[in-house]
Amino acid sequence: MNSLTDAERLLIAETDRDALSALDEDELLELHQRIRRARTKYVKNYRRGASLSVATAGGRGMAYPTNQRDRGKAELFEDALARVSREVATAARRAANELRSERIAASKTTAAGPAPAARSTTSRPARAADGPPRATKTTGGLKKDASTRAAGARRQAKRDKK
């Protein structure tokens with residue numbers, strides 16, 4: 001903690017339990033992003049410094065004591081990121097439950113509403129002009145779908161020749 005700058009100390013202080021409980025989901029996500037950026041910065045600095053010192057120290061074990069500051073900062077930000085991630089998950093779960101209860105309440109009021117109107121006796125025009133309804137699901141591309149249909153048509157034509 002002593003090697004943190006004032007801005008980093010403030011960022012870590014924002015992950016305190018009381019400070020996190022005052023934030024809504026969007027603010028938590030913004031804080032999560034800031035903490036993740038700081039963590040990534042120090043992990044990257046640590047890895048780069050460690051890889052450079054391995055060659056000069058003669059091995060990873062000998063190089064481990066160096067670059068302690070970046071490793072410590074990366075650990076602090078990793079712990080802070082875990083706290084914020086848990087809080088984001090809790091807020092997301094809470095929001096999902098609220099949406100679900102609102103949806104259920106809306107469906108109950110709709111179900112208890114007036115009876116649906118009787119169907120009209122006029123029939124709709126037949127879909128003969130349009131042909132049968134087509135499936136909208138594709139396998140990944142128009143060319144691939146066309147190729148598959150053509151292959152099927154070729155197989156059928158081959159069978160019909162027999």
# chains A, B, ... in the order shown; residues from 1 in each chain; ligands from 1

call {"tool": "residues_around", "arguments": {"residues": "A:Glu8", "least_positions_apart": "3", "cutoff": "10 Å", "atoms": "only C-alpha atoms", "output": "count of residues only"}}
result
12

call {"tool": "closest_atom_pairs", "arguments": {"of": "stretch 44-93 of chain A", "to": "stretch 98-112 of chain A", "cutoff": "12 Å", "atoms": "only C-alpha atoms", "output": "CSV"}}
result
residue,atom,partner,partner_atom,distance
A:Ala91,CA,A:Glu98,CA,10.5
A:Ala92,CA,A:Glu98,CA,9.8
A:Arg93,CA,A:Glu98,CA,8.6

call {"tool": "write_last_selection", "arguments": {"atoms": "N, CA, C and O atoms", "output": "compact mmCIF listing (two decimals), in the first residue's frame"}}
result
# COMPACT_ATOMS: atom_id res chain seq x y z
N ALA A 91 -25.34 -7.03 -8.18
CA ALA A 91 -26.22 -6.01 -8.75
C ALA A 91 -26.92 -6.53 -10.00
O ALA A 91 -28.12 -6.25 -10.21
N ALA A 92 -26.23 -7.28 -10.82
CA ALA A 92 -26.84 -7.83 -12.03
C ALA A 92 -27.92 -8.84 -11.67
O ALA A 92 -28.99 -8.87 -12.29
N ARG A 93 -27.66 -9.66 -10.67
CA ARG A 93 -28.66 -10.64 -10.22
C ARG A 93 -29.89 -9.92 -9.67
O ARG A 93 -31.03 -10.31 -9.95

call {"tool": "select_by_dssp", "arguments": {"residues": "stretch 41-125 of chain A", "states": "helix (DSSP H, G or I)", "output": "JSON, numbers by chain"}}
result
{"A": [41, 42, 43, 44, 45, 46, 47, 48, 49, 50, 51, 52, 53, 54, 55, 56, 57, 60, 61, 62, 63, 68, 69, 70, 71, 72, 73, 74, 75, 76, 77, 78, 79, 80, 81, 82, 83, 84, 85, 86, 87, 88, 89, 90, 91, 92, 93, 94, 95, 96, 97, 98, 99, 100, 101, 102, 103, 104, 105, 106, 107, 108, 109, 110, 111]}

call {"tool": "atom_distance", "arguments": {"atom1": "atom CA of A:Glu27", "atom2": "atom CA of A:Val43"}}
result
24.2 Å

call {"tool": "closest_residue", "arguments": {"among": "A:Arg83, A:Arg48, A:Arg17, A:Arg71", "to": "A:Arg36", "atoms": "only C-alpha atoms"}}
result
A:Arg83

call {"tool": "closest_residue", "arguments": {"among": "A:Leu10, A:Ala146, A:Ala96, A:Leu81", "to": "A:Arg37", "atoms": "only C-alpha atoms"}}
result
A:Leu81

call {"tool": "atom_distance", "arguments": {"atom1": "atom CA of A:Ala82", "atom2": "atom CA of A:Ala22"}}
result
17.5 Å

call {"tool": "residues_around", "arguments": {"residues": "A:Asn45", "least_positions_apart": "3", "cutoff": "12 Å", "atoms": "only C-alpha atoms", "output": "list in words"}}
result
Ala38, Arg39, Thr40, Lys41, Tyr42, Arg48, Gly49, Ala50, Ser51, Leu52, Asn67, Gln68, Arg69, Asp70, Arg71, Gly72, Lys73 and Ala74 of chain A

call {"tool": "atom_distance", "arguments": {"atom1": "atom CA of A:Glu30", "atom2": "atom CA of A:Ala89"}}
result
13.7 Å

call {"tool": "closest_residue", "arguments": {"among": "A:Lys144, A:Thr90, A:Lys161, A:Gln156", "to": "A:Leu29", "atoms": "only C-alpha atoms"}}
result
A:Thr90
